[in-house]
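**Q** Submitted below is the structure of interest, expressed as structure tokens.
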Amino acid sequence: MEKVNPRKVFGKTIAKLGEMYPEIVVLDADLGSSTCTGEFKKRFPERYKDCGVSEQDMMGTAAGLAITGKKPYACTFAIFIGRAWEQIRQSIAYQGLDVKIIGTHGGFVGEDGKSHHGTEDVGIIRTLPMVCVVPSVEELEEVLYLTAEDKNPTYIRLFRQSDEMKIKPEIKIGRGFINGKGAWYIKPYRIKEGRDVTLVSNGRMLSKAFNLTKELGLYGIDAELISIPYVKPLDDELVIESLKKTGKLVTIEEHRKEGGLGEAVSSVVSEKYPVKTKGLYISGIIGSGKCSELYDFSGLSVPRMKEEIYRWLKD
Amino acid sequence: MNNGLKKISARVKKNILLMLKEAGSGHTGGSLSCADILVTLYFGSDSEGKKLMRYEPENPFWEGRDRLVLSKGHAAPALYAVLSEVGYIPEEELFTLRKLGSRLQGHVDKQMLPFLETSTGSLGQGVSIGKGMALSFKIDKKPNRVYVVAGDGELQEGQVWEAARNAKGLDNLTLIVDYNGWSIDSYTDCLYPLRNKFEAFGWYVIGKEIPSSERKEDMHMDGHDPEKIAEYITEAKEVREYPQCVILNTWKGGDIYPFKNNPKYHGKAPTDEELEIAFQQLDRLIGDAIGNEYKRVLVK
């Protein structure tokens, strides 16, 4: 698997979108070099604004822009959206404004350590009437095109770096609801068929989960893998269909248990088709280290997930 | 030029009190302190007779209108009462304030009343929202202006100072501070010297705050004087390159007894007796006939 930078994909795509949508305005909070918005800034300087180290003001400014007909993309690290959560709630989400929030550096950031790991962002956004997307690098461009067309307040979680699966995503558009308003989303899709256990994941964990299915195969476990890029609105159809076959669910996410993909999926599953369920997620407070070491330390490396699932299936 | 505004203001203040009385809760002090400012913005003129704020009474969604952001969203009754005078809200609807299903929510809510410019209520957020609107008009090279009315208490929020630092070049943005000297629990003297602070952040500042510790009962407050308010706003509109901050001194509870400068009315509705005292003062400004009419509403 090759390492790619999803932020660069975002940077290139937002510049293309800027051409297509003259109403797009990009906002940064002094992290433009990391959120990779440089190309947009160069091509559309009048529609780019660096708000400085001021996330709260950036979110409020985005709200004012959206009210007056613009389509703002407010970009910062996933961890720092929490600093402006109440601004996102009051000024953006509760007004149903067409603001896209880009949180780069979701999940582990590596050596910068605990102050910078974005491990709660999905949870705090999921509590709001907002679209929440955690795309893999393969899905990212499609997600950005779709969210540009959709008019709901949206959070898009990106990663600092990502493994590339080189699997063409199966893009089918669905229509759900956010706070009573229609919302477009990309439907969950199967990456690998299997009959013993259903794995669901998203973001950059998807590539690890894909490797995991191969490893589990060596143990004689035939795992099915489903990608769920949209945590909200959550389309449960494919997961329930898969569980009717496998009867077992494993959720895999680079996020804390509270409020993440696992809770979202298992709460629907427990209502509609209860099965034996296992969640793999970040627990404890994780400090500095190489990302590969952090995955292993927190139980999210492929070998550790493989052991965990194997033991759980044998129980 | 703006003498007629006193009558509108008196009617607005009566309606604020009646709405709050009917609701049984709400923010009397902060609504009355900014009433004269809002009335002057909507109905005032400059020395040449030109309206201060551009809007069309018959079309609240007119693209060319200036935007008014009431950042101190708890003063919603003042905005509703003024918009009723403009003709956007039927007067009888005012008395649904804070009731289940009402379009008139406890804090300013655009979802319920789409002709409001934005929802507010959590303090300090309106300045950034207004700034975003002003930036949007600048990008489009449109002449619309944005007026943000903020309370002095909410200027304690850090977000306001992020916005203040970030407003460079937005000469279409006017922040009007309703400086009534009180937050819920305390005086707002911690903001002193407010004028210097905004100047240091690169704003063109008009007016100067009178800190609570220096206020005397019989002082003239420019924030209750339509001529002064109009004069300051006219000056602000002529400023180029810089965002403007207009500091207007007011009394919490407005200039009406028993509410005047009394912090106990921050989040408390008036009683019948208090209403009677206030109405006697307001009736003198607008005439008994209208006063009696309002008392009938009250009795009902």
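Letters for chains follow the order of the structure tokens (A, B, ...), residue numbers begin at 1 for each chain, and ligand numbers begin at 1 in the order shown.
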Using only C-alpha atoms, find the residues of chain A whose closest atom to chain B is at most 7 Å away, then write them as a list in words.

**A**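 Per the criterion, chain A yields Glu46, Arg47, Cys51, Ser54, Gln56, Asp57, Gly60, Thr61, Ala62, Ala63, Gly64, Leu65, Thr68 and Gln95 of chain A.
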
**Q** I'd like the neighbourhood of Ile16 in chain B as number ranges by chain, where a residue qualifies if any of its atoms comes within 12 Å (using only C-alpha atoms), though same-chain residues fewer than 5 positions away should be ignored.

**A** B: 9-11, 21-23, 25-35, 75-85, 91, 94-95, 97, 253-254, 269-270, 275, 278-279, 294

**Q** Next, dump the selected residues to file, keeping only N, CA and C atoms, as a compact mmCIF listing (two decimals), in the first residue's frame.

**A**
# COMPACT_ATOMS: atom_id res chain seq x y z
N SER B 9 -40.31 55.15 20.00
CA SER B 9 -39.58 54.50 21.08
C SER B 9 -40.49 54.19 22.26
N ALA B 10 -41.33 55.13 22.61
CA ALA B 10 -42.23 54.92 23.75
C ALA B 10 -43.18 53.77 23.46
N ARG B 11 -43.71 53.72 22.24
CA ARG B 11 -44.60 52.61 21.87
C ARG B 11 -43.85 51.28 21.91
N LYS B 21 -44.45 40.91 30.13
CA LYS B 21 -45.47 40.66 31.16
C LYS B 21 -46.30 39.44 30.76
N GLU B 22 -46.71 39.42 29.52
CA GLU B 22 -47.53 38.32 29.00
C GLU B 22 -46.74 36.99 29.03
N ALA B 23 -45.46 37.07 28.68
CA ALA B 23 -44.63 35.86 28.66
C ALA B 23 -44.31 35.37 30.07
N SER B 25 -41.66 35.93 31.63
CA SER B 25 -40.21 35.81 31.80
C SER B 25 -39.54 36.58 30.66
N GLY B 26 -38.23 36.72 30.76
CA GLY B 26 -37.51 37.41 29.68
C GLY B 26 -36.62 38.51 30.20
N HIS B 27 -35.93 39.17 29.26
CA HIS B 27 -34.87 40.10 29.64
C HIS B 27 -35.31 41.56 29.50
N THR B 28 -35.84 42.09 30.58
CA THR B 28 -36.37 43.45 30.57
C THR B 28 -35.24 44.48 30.45
N GLY B 29 -34.22 44.32 31.28
CA GLY B 29 -33.15 45.33 31.36
C GLY B 29 -32.46 45.56 30.03
N GLY B 30 -31.99 44.48 29.42
CA GLY B 30 -31.23 44.58 28.17
C GLY B 30 -32.08 44.94 26.97
N SER B 31 -33.38 44.60 27.01
CA SER B 31 -34.27 44.98 25.90
C SER B 31 -34.52 46.48 25.93
N LEU B 32 -34.76 47.00 27.13
CA LEU B 32 -35.04 48.44 27.23
C LEU B 32 -33.78 49.28 26.99
N SER B 33 -32.62 48.73 27.30
CA SER B 33 -31.42 49.56 27.12
C SER B 33 -31.11 49.80 25.64
N CYS B 34 -31.47 48.85 24.76
CA CYS B 34 -31.11 49.03 23.35
C CYS B 34 -32.29 49.49 22.48
N ALA B 35 -33.45 49.70 23.10
CA ALA B 35 -34.65 50.05 22.31
C ALA B 35 -34.45 51.33 21.50
N ALA B 75 -32.05 40.36 23.90
CA ALA B 75 -32.88 41.57 23.75
C ALA B 75 -33.87 41.40 22.60
N ALA B 76 -34.18 40.15 22.27
CA ALA B 76 -35.11 39.86 21.17
C ALA B 76 -36.42 40.66 21.26
N PRO B 77 -37.04 40.82 22.44
CA PRO B 77 -38.30 41.58 22.49
C PRO B 77 -38.16 42.97 21.87
N ALA B 78 -37.01 43.62 22.07
CA ALA B 78 -36.81 44.96 21.50
C ALA B 78 -36.83 44.88 19.98
N LEU B 79 -36.16 43.88 19.42
CA LEU B 79 -36.13 43.73 17.96
C LEU B 79 -37.52 43.41 17.42
N TYR B 80 -38.22 42.50 18.10
CA TYR B 80 -39.57 42.14 17.64
C TYR B 80 -40.49 43.36 17.66
N ALA B 81 -40.41 44.14 18.74
CA ALA B 81 -41.29 45.31 18.86
C ALA B 81 -40.98 46.34 17.78
N VAL B 82 -39.70 46.51 17.46
CA VAL B 82 -39.31 47.46 16.42
C VAL B 82 -39.77 46.94 15.05
N LEU B 83 -39.60 45.64 14.81
CA LEU B 83 -40.01 45.08 13.52
C LEU B 83 -41.53 45.09 13.36
N SER B 84 -42.22 45.14 14.46
CA SER B 84 -43.68 45.29 14.40
C SER B 84 -44.01 46.71 13.94
N GLU B 85 -43.24 47.68 14.43
CA GLU B 85 -43.42 49.07 13.99
C GLU B 85 -43.11 49.20 12.49
N GLU B 91 -48.83 43.24 15.21
CA GLU B 91 -48.70 43.63 16.62
C GLU B 91 -49.27 42.58 17.58
N LEU B 94 -46.99 39.85 18.81
CA LEU B 94 -45.96 40.14 19.80
C LEU B 94 -46.24 39.42 21.12
N PHE B 95 -47.52 39.23 21.41
CA PHE B 95 -47.87 38.69 22.73
C PHE B 95 -47.82 37.16 22.77
N LEU B 97 -44.83 35.91 22.42
CA LEU B 97 -43.41 35.77 22.79
C LEU B 97 -43.17 34.64 23.79
N GLY B 253 -32.26 48.74 31.63
CA GLY B 253 -33.65 49.04 31.96
C GLY B 253 -34.13 50.30 31.27
N GLY B 254 -33.25 50.87 30.42
CA GLY B 254 -33.62 52.09 29.70
C GLY B 254 -33.74 53.28 30.62
N ALA B 269 -39.39 39.43 34.28
CA ALA B 269 -40.52 40.15 33.67
C ALA B 269 -41.09 41.15 34.66
N PRO B 270 -41.72 42.23 34.15
CA PRO B 270 -42.29 43.22 35.06
C PRO B 270 -43.61 42.75 35.69
N LEU B 275 -45.39 47.91 35.76
CA LEU B 275 -45.87 48.31 34.44
C LEU B 275 -46.62 49.64 34.53
N ALA B 278 -44.23 52.49 34.86
CA ALA B 278 -43.54 52.75 33.59
C ALA B 278 -44.47 53.39 32.58
N PHE B 279 -45.71 52.92 32.54
CA PHE B 279 -46.66 53.44 31.54
C PHE B 279 -47.00 54.91 31.79
N TYR B 294 -53.36 50.46 24.89
CA TYR B 294 -52.41 49.44 25.32
C TYR B 294 -52.85 48.82 26.64

**Q** Provide the CA of Gln244 in chain B to CA of Glu48 in chain B distance in Å, to one decimal place.

**A**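 Distance reported for this atom pair: 21.3 Å.
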
**Q** As a ChimeraX atom specification, please: the residues near Gly18 in chain A (cut-off 12 Å, only C-alpha atoms, same-chain neighbours under 3 positions excluded).

**A** /A:10-15,21-26,37,39-48,70-73,144-145,148

**Q** Using only C-alpha atoms, determine which residues lie at most 10 Å from Glu58 in chain B, disregarding the query and same-chain residues fewer than 6 positions distant; provide the list as an MDAnalysis selection string.

**A** chainID B and resid 86:88

**Q** Out of range 45-250 of chain A, which residues get strand (DSSP E) from DSSP, as number ranges by chain?

**A** A: 48-50, 71-77, 100-104, 131-133, 154-157, 162-164, 173-178, 181-186, 189-192, 197-201, 223-227, 230-232, 248-250

**Q** Looking at only C-alpha atoms, which of A:Asp315, A:Asp50, A:Glu253, A:Asp150 is the one that sits closest to Gly38 in chain A?

**A**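 Under the stated criterion, the closest residue is A:Asp50.
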
**Q** What is the distance, in Å and to one decimal place, between CA of Arg195 in chain A and CA of Ile167 in chain A?

**A**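 Between CA of Arg195 in chain A and CA of Ile167 in chain A the gap works out to 20.6 Å.
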
**Q** Find the spatial neighbours of range 182-187 of chain A, counting only C-alpha atoms, within a cut-off of 12 Å - ignore same-chain residues fewer than 6 positions away - and output them as a ChimeraX atom specification.

**A** /A:96,98,129-135,139-154,169-176,226-239

**Q** Between CA of Pro90 in chain B and CA of Asn15 in chain B, what is the distance in Å, rounded to a tenth?

**A**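 Atom-to-atom, CA of Pro90 in chain B and CA of Asn15 in chain B are spaced 12.1 Å apart.
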
**Q** For range 215-223 of chain B, please output as a PyMOL selection string all residues within 7 Å (counting only C-alpha atoms; exclusion window: fewer than 5 positions along the same chain).

**A** chain B and resi 36-37+210+228-229+248-250

**Q** Go ahead and dump the residues you just picked, C-alpha atoms, as a PDB file, in the first residue's frame.

**A**
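Wrote part36.pdb, looks like this:
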ATOM      1  CA  ASP B  36     -33.735  53.644  21.398  1.00  0.00           C
ATOM      2  CA  ILE B  37     -30.724  52.421  19.386  1.00  0.00           C
ATOM      3  CA  ILE B 210     -18.956  56.007  30.955  1.00  0.00           C
ATOM      4  CA  LYS B 228     -26.899  61.653  19.165  1.00  0.00           C
ATOM      5  CA  ILE B 229     -27.362  58.068  17.960  1.00  0.00           C
ATOM      6  CA  LEU B 248     -23.415  54.429  23.119  1.00  0.00           C
ATOM      7  CA  ASN B 249     -24.017  54.823  26.824  1.00  0.00           C
ATOM      8  CA  THR B 250     -27.357  53.546  28.030  1.00  0.00           C
TER       9      THR B 250
END

**Q** Please list as an MDAnalysis selection string every residue within 8 Å of range 157-164 of chain A, counting only C-alpha atoms and excluding residues in the same chain fewer than 5 positions away.

**A** chainID A and resid 1:7 78 102:107 109 122 132:135 137:138 203:204 207

**Q** Taking only range 89-273 of chain A into account, list the residues labelled helix (DSSP H, G or I) by DSSP (computed from the backbone), as an MDAnalysis selection string.

**A** chainID A and resid 89:95 121:126 140:149 205:218 237:246 261:272

**Q** For Ile233 in chain B, which of B:Asn3, B:Ser186, B:Asn144, B:Ser47 is the closest residue, counting only C-alpha atoms?

**A** B:Ser47

**Q** Taking only C-alpha atoms into account, which of B:Ile256, B:Asp178, B:Val246, B:Glu274 comes nearest Lys13 in chain B?

**A** B:Ile256
